[in-house]
Amino acid sequence: MLTPMNFNSDNVHGVDEAILTALGEANAGTARAYGYDDWTLAAEARLCEVFERDVAAFLVVTGTAANSLALAACCPPYGAVVCHHEAHIVVDECGAPELFSGGARLMGARGAGGKVTPATVAALFATLGRGEHEQRPSVLSISEATELGTVYTPAEVAALAAVARERRLRTHMDGARFANALARLACTPAELTWKSGVDVLSFGATKNGAMGVEAVVFFDAALATDFRYLRKRTGQLVSKNRFLAAQMLAYLADDRWLRNARHANTMADRLAAAFRALPGVRLPLPVDANAVFAIVPRALHERLQAQGARYLVWPGEGPGTDTVGEHEVFIRLLTSFRTSAADVDALVAAAG
Ligand SMILES: Cc1ncc(COP(=O)(O)O)c(C=O)c1O
């Protein structure tokens with residue numbers, strides 16, 4: 001069903017036409033199964049180009065699988081993963097990281113705007129000092145962009161990864177919205193990841209125009225040695241893998257991934273500028289990617305809902321130093337590659 005003014009998620013829109021076309025083209029003839037087809041080999045090679053080095057890349061179907069498998073590859077069952085306390089891996093994945101790793105513990109550090117800091121991360125790792133009586137510190141996981149729509153600069157990523165590296169720990173990046181972060185930052189994919197100390201990246205595509213594909217990208221090949229087994233064992237090795245690879249290839253072709261993300265970010269900026277001007281509305285967080293978080297009067301929220309607007313009432317803490325008053329609601333609006341200026345303007349008109 002067509003729901004106009006739908007800002008509930010970047011998953012609510014369909015598939016980029018070019019990616020649908022690529023799927024149709026991949027449908028012709030026969031191909032080797034289980035990832036030994038030409039599309040998969042080409043997608044792996046293309047990811048090496050994008051990241052300007054040899055990477056070990058594996059396609060999976062969901063972001064939850066990408067994160068959980070990436071963490072399982074670098075964290076023993078008795079290990080601990082430090083992340084932000086509102087990270088997707090800890091609040092939105094139904095314990096999959098714990099399941100796939102065979103029992104690792106996720107520990108949430110605090111931090112404004114969905115971001116952890118070297119100090120909060122170091123403090124949390126420091127609580128684990130009693131040897132085998134506690135989980136072994138193993139991985140730092142950061143989200144880029146974060147669940148609260150903010151981004152880490154390459155310098156911030158490097159400072160965080162240094163905290164992990166000093167302790168001989170690994171750094172994982174949840175890049176479900178990596179393209180949106182990159183589109184905002186003046187840097188390369190390499191600078192935002194391995195050049196800043198990231199060991200493994202969950203590289204998202206689904207939210208930004210694909211039908212359903214993500215890549216687990218290892219910058220340290222040693223971590224990927226047994227990954228094929230992990231992926232198969234968890235049901236993420238797709239027999240007709242060419243359909244995942246065809247999506248990834250079309251996504252990366254002609255900078256489509258960055259163009260889509262830039263568009264989504266621009267729509268978020270448009271929405272943010274208009275919402276900032278509404279009486280009684282506050283935007284407590286920077287709009288770094290494709291998410292707009294707003295504290296709005298309850299009356300405005302009810303008016304928008306009555307007119308069919310869709311967005312999330314944010315369940316987490318979110319606004320940091322700002323507080324949500326008794327007659328206010330804290331909401332999240334997400335834009336996507338397909339959100340139009342008319343969609344944004346319709347929402348703003350409904351709010352006015
Ligand atoms: C930060 C983040 N990571 C990962 C995911 C991937 O989740 P899924 O398993 O729904 O593809 C999401 C989806 O909302 C997300 O917001």
# chains A, B, ... in the order shown; residues from 1 in each chain; ligands from 1
call {"tool": "residues_near_ligand", "arguments": {"ligand": "ligand 1", "cutoff": "6 Å", "atoms": "only C-alpha atoms and all ligand atoms", "output": "PyMOL selection string"}}
result
chain A and resi 62-64+88+147+174+176
call {"tool": "write_last_selection", "arguments": {"atoms": "C-alpha atoms", "output": "PDB file, in the first residue's frame"}}
result
ATOM      1  CA  THR A  62      20.710  -8.837   6.277  1.00  0.00           C
ATOM      2  CA  GLY A  63      22.519  -6.269   8.358  1.00  0.00           C
ATOM      3  CA  THR A  64      21.926  -8.337  11.465  1.00  0.00           C
ATOM      4  CA  HIS A  88      21.714  -1.824  16.829  1.00  0.00           C
ATOM      5  CA  GLU A 147      21.735   4.941  15.290  1.00  0.00           C
ATOM      6  CA  ASP A 174      28.470  -1.341  11.604  1.00  0.00           C
ATOM      7  CA  ALA A 176      24.416  -0.218   7.610  1.00  0.00           C
TER       8      ALA A 176
END
call {"tool": "residues_around", "arguments": {"residues": "A:Met211", "least_positions_apart": "4", "cutoff": "9 Å", "atoms": "only C-alpha atoms", "output": "list in words"}}
result
Gly14, Val15, Asp16, Ile19, Leu20, Ala205, Thr206, Lys207, Leu244 and Gln247 of chain A
call {"tool": "write_last_selection", "arguments": {"atoms": "N, CA and C atoms", "output": "mmCIF file, in the first residue's frame"}}
result
data_model
loop_
_atom_site.group_PDB
_atom_site.id
_atom_site.type_symbol
_atom_site.label_atom_id
_atom_site.label_comp_id
_atom_site.auth_asym_id
_atom_site.auth_seq_id
_atom_site.Cartn_x
_atom_site.Cartn_y
_atom_site.Cartn_z
ATOM 1 N N GLY A 14 11.134 1.065 -2.000
ATOM 2 C CA GLY A 14 11.457 -0.164 -2.715
ATOM 3 C C GLY A 14 12.912 -0.237 -3.133
ATOM 4 N N VAL A 15 13.111 -0.710 -4.329
ATOM 5 C CA VAL A 15 14.454 -1.011 -4.824
ATOM 6 C C VAL A 15 14.804 -0.029 -5.941
ATOM 7 N N ASP A 16 16.025 0.429 -5.948
ATOM 8 C CA ASP A 16 16.532 1.296 -7.010
ATOM 9 C C ASP A 16 16.311 0.598 -8.370
ATOM 10 N N ILE A 19 19.078 -1.375 -9.913
ATOM 11 C CA ILE A 19 19.376 -2.645 -9.235
ATOM 12 C C ILE A 19 18.360 -3.705 -9.666
ATOM 13 N N LEU A 20 17.106 -3.290 -9.816
ATOM 14 C CA LEU A 20 16.093 -4.232 -10.332
ATOM 15 C C LEU A 20 16.463 -4.706 -11.742
ATOM 16 N N ALA A 205 23.885 -2.051 2.039
ATOM 17 C CA ALA A 205 23.380 -1.610 0.734
ATOM 18 C C ALA A 205 21.849 -1.559 0.718
ATOM 19 N N THR A 206 21.233 -2.408 1.539
ATOM 20 C CA THR A 206 19.773 -2.545 1.476
ATOM 21 C C THR A 206 19.045 -1.227 1.746
ATOM 22 N N LYS A 207 19.486 -0.500 2.777
ATOM 23 C CA LYS A 207 18.769 0.727 3.149
ATOM 24 C C LYS A 207 18.919 1.817 2.101
ATOM 25 N N LEU A 244 22.628 -11.789 -5.215
ATOM 26 C CA LEU A 244 23.172 -10.841 -4.232
ATOM 27 C C LEU A 244 24.262 -9.998 -4.891
ATOM 28 N N GLN A 247 23.173 -7.278 -7.301
ATOM 29 C CA GLN A 247 22.721 -6.077 -6.583
ATOM 30 C C GLN A 247 23.912 -5.224 -6.155
#
call {"tool": "select_by_dssp", "arguments": {"residues": "stretch 36-84 of chain A", "states": "helix (DSSP H, G or I)", "output": "PyMOL selection string"}}
result
chain A and resi 38-50+63-74
call {"tool": "write_last_selection", "arguments": {"atoms": "C-alpha atoms", "output": "mmCIF file, in the first residue's frame"}}
result
data_model
loop_
_atom_site.group_PDB
_atom_site.id
_atom_site.type_symbol
_atom_site.label_atom_id
_atom_site.label_comp_id
_atom_site.auth_asym_id
_atom_site.auth_seq_id
_atom_site.Cartn_x
_atom_site.Cartn_y
_atom_site.Cartn_z
ATOM 1 C CA ASP A 38 31.189 -14.469 -12.205
ATOM 2 C CA TRP A 39 28.954 -11.852 -10.562
ATOM 3 C CA THR A 40 30.255 -12.737 -7.108
ATOM 4 C CA LEU A 41 33.882 -12.689 -8.239
ATOM 5 C CA ALA A 42 33.287 -9.309 -9.888
ATOM 6 C CA ALA A 43 31.592 -7.911 -6.773
ATOM 7 C CA GLU A 44 34.513 -9.041 -4.603
ATOM 8 C CA ALA A 45 36.964 -7.399 -7.011
ATOM 9 C CA ARG A 46 34.880 -4.211 -7.097
ATOM 10 C CA LEU A 47 34.932 -3.986 -3.290
ATOM 11 C CA CYS A 48 38.748 -4.206 -3.446
ATOM 12 C CA GLU A 49 38.713 -1.227 -5.806
ATOM 13 C CA VAL A 50 36.337 0.763 -3.625
ATOM 14 C CA GLY A 63 22.519 -6.269 8.358
ATOM 15 C CA THR A 64 21.926 -8.337 11.465
ATOM 16 C CA ALA A 65 23.709 -11.273 9.825
ATOM 17 C CA ALA A 66 26.572 -9.035 8.658
ATOM 18 C CA ASN A 67 27.097 -7.628 12.157
ATOM 19 C CA SER A 68 26.670 -10.897 14.016
ATOM 20 C CA LEU A 69 28.960 -12.836 11.691
ATOM 21 C CA ALA A 70 31.595 -10.091 11.614
ATOM 22 C CA LEU A 71 31.626 -10.046 15.415
ATOM 23 C CA ALA A 72 31.692 -13.845 15.620
ATOM 24 C CA ALA A 73 34.783 -13.816 13.404
ATOM 25 C CA CYS A 74 36.719 -11.604 15.814
#
call {"tool": "closest_atom_pairs", "arguments": {"of": "stretch 115-182 of chain A", "to": "stretch 265-287 of chain A", "cutoff": "7 Å", "atoms": "only C-alpha atoms", "output": "tab-separated table"}}
result
residue	atom	partner	partner_atom	distance
A:Gly149	CA	A:Val287	CA	6.3
A:Thr150	CA	A:Pro286	CA	6.4
A:Asn180	CA	A:Asn265	CA	6.7
call {"tool": "write_last_selection", "arguments": {"atoms": "N, CA and C atoms", "output": "PDB file, in the first residue's frame"}}
result
ATOM      1  N   GLY A 149      21.905   9.084  13.986  1.00  0.00           N
ATOM      2  CA  GLY A 149      22.060   9.940  12.804  1.00  0.00           C
ATOM      3  C   GLY A 149      23.299  10.808  12.793  1.00  0.00           C
ATOM      4  N   THR A 150      24.231  10.527  13.680  1.00  0.00           N
ATOM      5  CA  THR A 150      25.483  11.293  13.717  1.00  0.00           C
ATOM      6  C   THR A 150      26.579  10.474  13.021  1.00  0.00           C
ATOM      7  N   ASN A 180      25.761   6.858   3.705  1.00  0.00           N
ATOM      8  CA  ASN A 180      25.268   8.153   4.163  1.00  0.00           C
ATOM      9  C   ASN A 180      26.338   8.909   4.945  1.00  0.00           C
TER      10      ASN A 180
END
call {"tool": "residues_around", "arguments": {"residues": "stretch 109-118 of chain A", "least_positions_apart": "5", "cutoff": "12 Å", "atoms": "only C-alpha atoms", "output": "number ranges by chain"}}
result
A: 81-88, 90, 123-127, 140-153, 155-166, 283-288, 291-293, 316-322
call {"tool": "closest_residue", "arguments": {"among": "A:Glu52, A:Glu98, A:Glu132, A:Asp255", "to": "A:Lys195", "atoms": "only C-alpha atoms"}}
result
A:Glu52
call {"tool": "residues_around", "arguments": {"residues": "A:Gly24", "least_positions_apart": "4", "cutoff": "12 Å", "atoms": "only C-alpha atoms", "output": "VMD selection string"}}
result
chain A and resid 17 to 20 28 to 29 242 to 243 246 to 247 250
call {"tool": "decode", "arguments": {"residues": "stretch 226-239 of chain A", "atoms": "N, CA and C atoms", "output": "JSON list (two decimals), in the first residue's frame"}}
result
[["chain", "number", "residue", "atom", "x", "y", "z"],
["A", 226, "ASP", "N", 38.20, -18.58, 8.45],
["A", 226, "ASP", "CA", 37.13, -19.57, 8.57],
["A", 226, "ASP", "C", 35.74, -18.99, 8.31],
["A", 227, "PHE", "N", 35.72, -17.81, 7.74],
["A", 227, "PHE", "CA", 34.42, -17.13, 7.62],
["A", 227, "PHE", "C", 33.44, -17.89, 6.74],
["A", 228, "ARG", "N", 33.96, -18.57, 5.71],
["A", 228, "ARG", "CA", 33.07, -19.34, 4.82],
["A", 228, "ARG", "C", 32.24, -20.35, 5.62],
["A", 229, "TYR", "N", 32.90, -20.95, 6.61],
["A", 229, "TYR", "CA", 32.20, -21.95, 7.43],
["A", 229, "TYR", "C", 31.12, -21.27, 8.28],
["A", 230, "LEU", "N", 31.50, -20.15, 8.87],
["A", 230, "LEU", "CA", 30.55, -19.41, 9.72],
["A", 230, "LEU", "C", 29.33, -19.01, 8.91],
["A", 231, "ARG", "N", 29.57, -18.48, 7.72],
["A", 231, "ARG", "CA", 28.46, -18.00, 6.89],
["A", 231, "ARG", "C", 27.52, -19.15, 6.50],
["A", 232, "LYS", "N", 28.11, -20.28, 6.12],
["A", 232, "LYS", "CA", 27.28, -21.43, 5.73],
["A", 232, "LYS", "C", 26.50, -21.97, 6.92],
["A", 233, "ARG", "N", 27.20, -22.08, 8.03],
["A", 233, "ARG", "CA", 26.62, -22.68, 9.24],
["A", 233, "ARG", "C", 25.42, -21.88, 9.75],
["A", 234, "THR", "N", 25.44, -20.57, 9.46],
["A", 234, "THR", "CA", 24.36, -19.72, 9.95],
["A", 234, "THR", "C", 23.33, -19.45, 8.85],
["A", 235, "GLY", "N", 23.41, -20.23, 7.79],
["A", 235, "GLY", "CA", 22.38, -20.14, 6.76],
["A", 235, "GLY", "C", 22.46, -18.89, 5.90],
["A", 236, "GLN", "N", 23.62, -18.28, 5.84],
["A", 236, "GLN", "CA", 23.75, -17.03, 5.07],
["A", 236, "GLN", "C", 24.50, -17.23, 3.76],
["A", 237, "LEU", "N", 24.82, -18.47, 3.40],
["A", 237, "LEU", "CA", 25.41, -18.71, 2.08],
["A", 237, "LEU", "C", 24.25, -18.99, 1.12],
["A", 238, "VAL", "N", 24.03, -18.06, 0.22],
["A", 238, "VAL", "CA", 22.87, -18.15, -0.68],
["A", 238, "VAL", "C", 23.29, -18.96, -1.92],
["A", 239, "SER", "N", 22.52, -19.98, -2.24],
["A", 239, "SER", "CA", 22.93, -20.85, -3.35],
["A", 239, "SER", "C", 22.97, -20.07, -4.67]]
